[in-house]
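Undergrad: Here you go, one structure.
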Amino acid sequence: MIEKLKQLFRLEKAVEPTVLEKIDEMFANLKEDTLGIRIGEDLVSFGMDICEMVGDIRSEMVNNTGFILPPVHIFSDETLQENEYVIQVLDEDMCHGFAVPNKEGLKEISLKFKEIILDNIEKVLTNEVAEKYIDTAQKTNGWLIWALCGRVTSPEIKIILVDILKSGHSIKNISHIFEKIGNKILVNNKYYESDPHKISHDIIKEL
């Protein structure tokens, strides 16, 4: 049943896809599941509501912070108690909880899910996700990305983006963020700053 719900949740529409509808495609080549929610038997009938909850959180995050939440795999687990749920990050159990299959239970799962994401943003925003942001910036400013090539790595970009998100700022205008990174790294076409935390600290002061 959960597999069917997932298919419905990811169902492609005939109309021109929006930015949010392209999220799964953007992360289609990721090699591992970043986020997962395992649910007990009583919560299986609550599955569609959980899918909608994930969709709402994804929309909220991309609109408020520019962070595009990777696909969330929701599946039943017979080893769990009937109303138990487990939230996973990179296959690691981060939270075990119990929820009644109603609106209040959904709210509880939603709040806990968002809390787990924010507390583990450095894990949720993987190096592969950072590469997706680099690819996006390259489409609008290929020269800048070429200039940064070899001077800053994907893991360093990840650190910068994570620092910005943790500070409460948005990375929605990713091209602008990369311009800021370029300004901190390239001065008169020379290598200037190499510490990603220092770079993000300076950028945050200007945002």
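Here, A, B, ... name the chains of the structure tokens in the order displayed, residue numbers run from 1 inside each chain, and ligands are numbered from 1 in the same displayed order.
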Find the residues near Val152 (chain A): any atom within 10 Å, counting only C-alpha atoms, skip ones fewer than 6 places away on the same chain, and give them as a ChimeraX atom specification.
TA: /A:145,181-182,185,193-196
Undergrad: Report the residues of region 13-151 of chain A whose backbone DSSP state falls under strand (DSSP E or B), written as a ChimeraX atom specification.
TA: /A:35-39,72-76,84-89,92-98
Undergrad: What does the file look like for those residues with N, CA and C atoms, as a PDB file, in the first residue's frame?
TA:
ATOM      1  N   LEU A  35      16.697  10.581   3.414  1.00  0.00           N
ATOM      2  CA  LEU A  35      15.673  10.654   4.453  1.00  0.00           C
ATOM      3  C   LEU A  35      14.670   9.519   4.314  1.00  0.00           C
ATOM      4  N   GLY A  36      14.213   9.014   5.449  1.00  0.00           N
ATOM      5  CA  GLY A  36      13.214   7.964   5.425  1.00  0.00           C
ATOM      6  C   GLY A  36      12.323   8.036   6.645  1.00  0.00           C
ATOM      7  N   ILE A  37      11.085   7.599   6.481  1.00  0.00           N
ATOM      8  CA  ILE A  37      10.147   7.490   7.602  1.00  0.00           C
ATOM      9  C   ILE A  37       9.572   6.080   7.571  1.00  0.00           C
ATOM     10  N   ARG A  38       9.854   5.305   8.601  1.00  0.00           N
ATOM     11  CA  ARG A  38       9.285   3.966   8.735  1.00  0.00           C
ATOM     12  C   ARG A  38       8.075   4.054   9.654  1.00  0.00           C
ATOM     13  N   ILE A  39       7.003   3.365   9.291  1.00  0.00           N
ATOM     14  CA  ILE A  39       5.774   3.466  10.088  1.00  0.00           C
ATOM     15  C   ILE A  39       5.218   2.087  10.408  1.00  0.00           C
ATOM     16  N   VAL A  72      11.854  11.765   0.258  1.00  0.00           N
ATOM     17  CA  VAL A  72      11.692  11.075   1.537  1.00  0.00           C
ATOM     18  C   VAL A  72      11.005   9.739   1.268  1.00  0.00           C
ATOM     19  N   HIS A  73      11.665   8.668   1.617  1.00  0.00           N
ATOM     20  CA  HIS A  73      11.093   7.342   1.399  1.00  0.00           C
ATOM     21  C   HIS A  73      10.267   6.939   2.616  1.00  0.00           C
ATOM     22  N   ILE A  74       8.996   6.670   2.369  1.00  0.00           N
ATOM     23  CA  ILE A  74       8.059   6.300   3.434  1.00  0.00           C
ATOM     24  C   ILE A  74       7.664   4.839   3.219  1.00  0.00           C
ATOM     25  N   PHE A  75       7.877   4.018   4.217  1.00  0.00           N
ATOM     26  CA  PHE A  75       7.570   2.608   4.045  1.00  0.00           C
ATOM     27  C   PHE A  75       7.162   1.972   5.365  1.00  0.00           C
ATOM     28  N   SER A  76       6.366   0.903   5.258  1.00  0.00           N
ATOM     29  CA  SER A  76       5.887   0.200   6.447  1.00  0.00           C
ATOM     30  C   SER A  76       6.989  -0.697   6.994  1.00  0.00           C
ATOM     31  N   GLU A  84       3.895   3.153  15.945  1.00  0.00           N
ATOM     32  CA  GLU A  84       5.263   3.684  16.087  1.00  0.00           C
ATOM     33  C   GLU A  84       5.776   4.181  14.743  1.00  0.00           C
ATOM     34  N   TYR A  85       6.624   5.193  14.787  1.00  0.00           N
ATOM     35  CA  TYR A  85       7.292   5.674  13.578  1.00  0.00           C
ATOM     36  C   TYR A  85       8.761   5.932  13.886  1.00  0.00           C
ATOM     37  N   VAL A  86       9.581   5.847  12.847  1.00  0.00           N
ATOM     38  CA  VAL A  86      11.021   6.088  12.976  1.00  0.00           C
ATOM     39  C   VAL A  86      11.449   7.015  11.854  1.00  0.00           C
ATOM     40  N   ILE A  87      12.163   8.079  12.188  1.00  0.00           N
ATOM     41  CA  ILE A  87      12.696   9.008  11.189  1.00  0.00           C
ATOM     42  C   ILE A  87      14.175   8.710  11.015  1.00  0.00           C
ATOM     43  N   GLN A  88      14.591   8.526   9.759  1.00  0.00           N
ATOM     44  CA  GLN A  88      15.967   8.157   9.457  1.00  0.00           C
ATOM     45  C   GLN A  88      16.672   9.244   8.652  1.00  0.00           C
ATOM     46  N   VAL A  89      17.952   9.398   8.905  1.00  0.00           N
ATOM     47  CA  VAL A  89      18.821  10.263   8.105  1.00  0.00           C
ATOM     48  C   VAL A  89      20.028   9.426   7.706  1.00  0.00           C
ATOM     49  N   GLU A  92      20.326   6.072   9.303  1.00  0.00           N
ATOM     50  CA  GLU A  92      20.526   6.064  10.749  1.00  0.00           C
ATOM     51  C   GLU A  92      19.233   6.506  11.431  1.00  0.00           C
ATOM     52  N   ASP A  93      18.774   5.715  12.394  1.00  0.00           N
ATOM     53  CA  ASP A  93      17.568   6.069  13.135  1.00  0.00           C
ATOM     54  C   ASP A  93      17.848   7.278  14.020  1.00  0.00           C
ATOM     55  N   MET A  94      17.131   8.370  13.757  1.00  0.00           N
ATOM     56  CA  MET A  94      17.334   9.601  14.506  1.00  0.00           C
ATOM     57  C   MET A  94      16.235   9.836  15.542  1.00  0.00           C
ATOM     58  N   CYS A  95      15.090   9.186  15.347  1.00  0.00           N
ATOM     59  CA  CYS A  95      13.959   9.440  16.236  1.00  0.00           C
ATOM     60  C   CYS A  95      12.991   8.273  16.202  1.00  0.00           C
ATOM     61  N   HIS A  96      12.605   7.784  17.377  1.00  0.00           N
ATOM     62  CA  HIS A  96      11.533   6.805  17.530  1.00  0.00           C
ATOM     63  C   HIS A  96      10.382   7.509  18.253  1.00  0.00           C
ATOM     64  N   GLY A  97       9.182   7.420  17.692  1.00  0.00           N
ATOM     65  CA  GLY A  97       8.039   8.058  18.334  1.00  0.00           C
ATOM     66  C   GLY A  97       6.767   7.265  18.121  1.00  0.00           C
ATOM     67  N   PHE A  98       5.709   7.698  18.784  1.00  0.00           N
ATOM     68  CA  PHE A  98       4.405   7.066  18.653  1.00  0.00           C
ATOM     69  C   PHE A  98       3.381   8.148  18.335  1.00  0.00           C
TER      70      PHE A  98
END
Undergrad: Find the residues around Ile50 (chain A) up to 10 Å (only C-alpha atoms counted), leave out those fewer than 3 positions away in its own chain, and share them as a list of chain:residue names.
TA: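 Residues near the query, excluding close chain neighbours: A:Leu5, A:Ile37, A:Ile39, A:Leu43, A:Val44, A:Ser45, A:Phe46, A:Gly47, A:Met53, A:Val54, A:Gly55, A:Asp56, A:Ile74, A:Pro101, A:Leu106, A:Lys107, A:Ile109, A:Ser110.
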Undergrad: Report the distance between CA of Leu90 (chain A) and CA of Asn120 (chain A) in Å, rounded to one decimal place.
TA: 10.3 Å
Undergrad: Between A:Ser170, A:Glu179, A:Ile203, A:Lys103, which residue has the minimum interatomic distance to Asn64 (chain A), considering only C-alpha atoms?
TA: A:Ser170
Undergrad: Extract the full set of helix (DSSP H, G or I) residues from chain A according to DSSP on the backbone, and format it as a ChimeraX atom specification.
TA: /A:2-9,20-26,41-44,47-64,103-119,121-124,127-140,142-148,154-166,174-185,196-206
Undergrad: Just the selected residues (C-alpha atoms), exported as an mmCIF file, in the first residue's frame, please.
TA:
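Final output, saved to part-v1.cif:
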data_model
loop_
_atom_site.group_PDB
_atom_site.id
_atom_site.type_symbol
_atom_site.label_atom_id
_atom_site.label_comp_id
_atom_site.auth_asym_id
_atom_site.auth_seq_id
_atom_site.Cartn_x
_atom_site.Cartn_y
_atom_site.Cartn_z
ATOM 1 C CA ILE A 2 2.807 2.385 0.886
ATOM 2 C CA GLU A 3 4.467 1.763 -2.478
ATOM 3 C CA LYS A 4 1.176 2.732 -4.152
ATOM 4 C CA LEU A 5 0.999 5.896 -2.057
ATOM 5 C CA LYS A 6 4.550 6.779 -3.043
ATOM 6 C CA GLN A 7 3.641 6.318 -6.693
ATOM 7 C CA LEU A 8 0.665 8.626 -6.282
ATOM 8 C CA PHE A 9 2.809 11.170 -4.451
ATOM 9 C CA LEU A 20 8.832 21.790 -6.780
ATOM 10 C CA GLU A 21 7.697 19.120 -9.242
ATOM 11 C CA LYS A 22 11.261 18.935 -10.525
ATOM 12 C CA ILE A 23 12.704 18.232 -7.086
ATOM 13 C CA ASP A 24 12.634 14.450 -7.376
ATOM 14 C CA GLU A 25 14.183 14.656 -10.842
ATOM 15 C CA MET A 26 16.926 16.907 -9.470
ATOM 16 C CA GLU A 41 0.775 -1.044 10.868
ATOM 17 C CA ASP A 42 -1.755 1.395 12.349
ATOM 18 C CA LEU A 43 -0.086 4.313 10.568
ATOM 19 C CA VAL A 44 -0.137 2.659 7.126
ATOM 20 C CA GLY A 47 0.304 7.055 4.723
ATOM 21 C CA MET A 48 -1.243 9.476 2.222
ATOM 22 C CA ASP A 49 -1.483 12.137 4.915
ATOM 23 C CA ILE A 50 2.197 11.610 5.730
ATOM 24 C CA CYS A 51 3.033 11.995 2.021
ATOM 25 C CA GLU A 52 1.096 15.266 1.918
ATOM 26 C CA MET A 53 2.868 16.363 5.103
ATOM 27 C CA VAL A 54 6.251 15.768 3.453
ATOM 28 C CA GLY A 55 5.104 17.744 0.411
ATOM 29 C CA ASP A 56 4.042 20.665 2.582
ATOM 30 C CA ILE A 57 7.384 20.651 4.412
ATOM 31 C CA ARG A 58 9.299 20.548 1.137
ATOM 32 C CA SER A 59 7.318 23.528 -0.189
ATOM 33 C CA GLU A 60 7.798 25.420 3.065
ATOM 34 C CA MET A 61 11.544 24.834 3.132
ATOM 35 C CA VAL A 62 12.190 25.730 -0.495
ATOM 36 C CA ASN A 63 10.090 28.897 -0.182
ATOM 37 C CA ASN A 64 11.616 30.024 3.124
ATOM 38 C CA LYS A 103 -4.553 15.198 12.584
ATOM 39 C CA GLU A 104 -2.872 15.649 15.942
ATOM 40 C CA GLY A 105 -0.668 12.648 15.286
ATOM 41 C CA LEU A 106 0.247 14.057 11.870
ATOM 42 C CA LYS A 107 1.169 17.386 13.462
ATOM 43 C CA GLU A 108 3.409 15.592 15.947
ATOM 44 C CA ILE A 109 5.229 13.697 13.173
ATOM 45 C CA SER A 110 5.525 16.889 11.110
ATOM 46 C CA LEU A 111 7.089 18.889 13.943
ATOM 47 C CA LYS A 112 9.503 16.085 14.794
ATOM 48 C CA PHE A 113 10.444 15.610 11.136
ATOM 49 C CA LYS A 114 11.269 19.312 10.689
ATOM 50 C CA GLU A 115 13.241 19.286 13.934
ATOM 51 C CA ILE A 116 15.291 16.302 12.751
ATOM 52 C CA ILE A 117 16.023 17.993 9.413
ATOM 53 C CA LEU A 118 17.197 21.231 11.017
ATOM 54 C CA ASP A 119 19.258 19.425 13.657
ATOM 55 C CA ILE A 121 21.169 19.726 8.084
ATOM 56 C CA GLU A 122 24.880 18.938 7.630
ATOM 57 C CA LYS A 123 23.870 15.306 6.954
ATOM 58 C CA VAL A 124 20.753 16.042 4.912
ATOM 59 C CA ASN A 127 28.132 16.461 -0.900
ATOM 60 C CA GLU A 128 26.035 15.129 -3.782
ATOM 61 C CA VAL A 129 23.308 17.650 -2.986
ATOM 62 C CA ALA A 130 25.962 20.398 -2.942
ATOM 63 C CA GLU A 131 26.990 19.296 -6.429
ATOM 64 C CA LYS A 132 23.395 19.794 -7.577
ATOM 65 C CA TYR A 133 23.540 23.392 -6.383
ATOM 66 C CA ILE A 134 26.846 23.843 -8.217
ATOM 67 C CA ASP A 135 25.212 22.499 -11.393
ATOM 68 C CA THR A 136 22.318 24.931 -10.945
ATOM 69 C CA ALA A 137 24.668 27.904 -10.499
ATOM 70 C CA GLN A 138 26.685 26.826 -13.535
ATOM 71 C CA LYS A 139 23.640 27.172 -15.758
ATOM 72 C CA THR A 140 23.388 30.885 -14.965
ATOM 73 C CA GLY A 142 29.256 29.166 -16.101
ATOM 74 C CA TRP A 143 32.318 31.411 -16.094
ATOM 75 C CA LEU A 144 32.215 31.854 -12.315
ATOM 76 C CA ILE A 145 31.926 28.117 -11.678
ATOM 77 C CA TRP A 146 34.803 27.523 -14.111
ATOM 78 C CA ALA A 147 36.900 30.106 -12.243
ATOM 79 C CA LEU A 148 36.136 28.426 -8.924
ATOM 80 C CA SER A 154 32.004 20.193 -3.273
ATOM 81 C CA PRO A 155 32.570 19.385 0.445
ATOM 82 C CA GLU A 156 33.686 22.996 0.995
ATOM 83 C CA ILE A 157 30.628 24.306 -0.861
ATOM 84 C CA LYS A 158 28.524 22.068 1.362
ATOM 85 C CA ILE A 159 30.086 23.590 4.495
ATOM 86 C CA ILE A 160 29.366 27.102 3.244
ATOM 87 C CA LEU A 161 25.747 26.329 2.353
ATOM 88 C CA VAL A 162 25.159 24.532 5.670
ATOM 89 C CA ASP A 163 26.625 27.455 7.621
ATOM 90 C CA ILE A 164 24.352 29.883 5.775
ATOM 91 C CA LEU A 165 21.260 27.762 6.448
ATOM 92 C CA LYS A 166 22.183 27.302 10.115
ATOM 93 C CA ILE A 174 21.962 30.283 -5.370
ATOM 94 C CA SER A 175 23.604 32.302 -8.155
ATOM 95 C CA HIS A 176 23.951 35.263 -5.789
ATOM 96 C CA ILE A 177 25.424 32.969 -3.121
ATOM 97 C CA PHE A 178 28.039 31.696 -5.566
ATOM 98 C CA GLU A 179 28.883 35.246 -6.597
ATOM 99 C CA LYS A 180 29.531 35.957 -2.912
ATOM 100 C CA ILE A 181 31.703 32.851 -2.691
ATOM 101 C CA GLY A 182 33.624 33.980 -5.757
ATOM 102 C CA ASN A 183 34.197 37.420 -4.244
ATOM 103 C CA LYS A 184 35.721 35.822 -1.133
ATOM 104 C CA ILE A 185 37.900 33.335 -2.997
ATOM 105 C CA PRO A 196 35.048 27.560 4.067
ATOM 106 C CA HIS A 197 33.865 28.566 7.547
ATOM 107 C CA LYS A 198 35.571 31.968 7.195
ATOM 108 C CA ILE A 199 34.038 32.371 3.752
ATOM 109 C CA SER A 200 30.541 31.575 5.018
ATOM 110 C CA HIS A 201 31.052 33.851 8.044
ATOM 111 C CA ASP A 202 31.883 36.778 5.767
ATOM 112 C CA ILE A 203 29.007 35.996 3.408
ATOM 113 C CA ILE A 204 26.506 35.781 6.278
ATOM 114 C CA LYS A 205 27.509 39.286 7.423
ATOM 115 C CA GLU A 206 26.594 40.593 3.954
#
Undergrad: Tell me which of A:Leu207, A:Asp91, A:Asn83, A:Pro70 sits closest to Lys172 (chain A), counting only C-alpha atoms.
TA: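 Distance minimum relative to Lys172 (chain A) lands on A:Leu207.
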Undergrad: CA of Phe67 (chain A) to CA of Asn102 (chain A): how many Å, to one decimal?
TA: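 Separation of CA of Phe67 (chain A) and CA of Asn102 (chain A): 28.5 Å.
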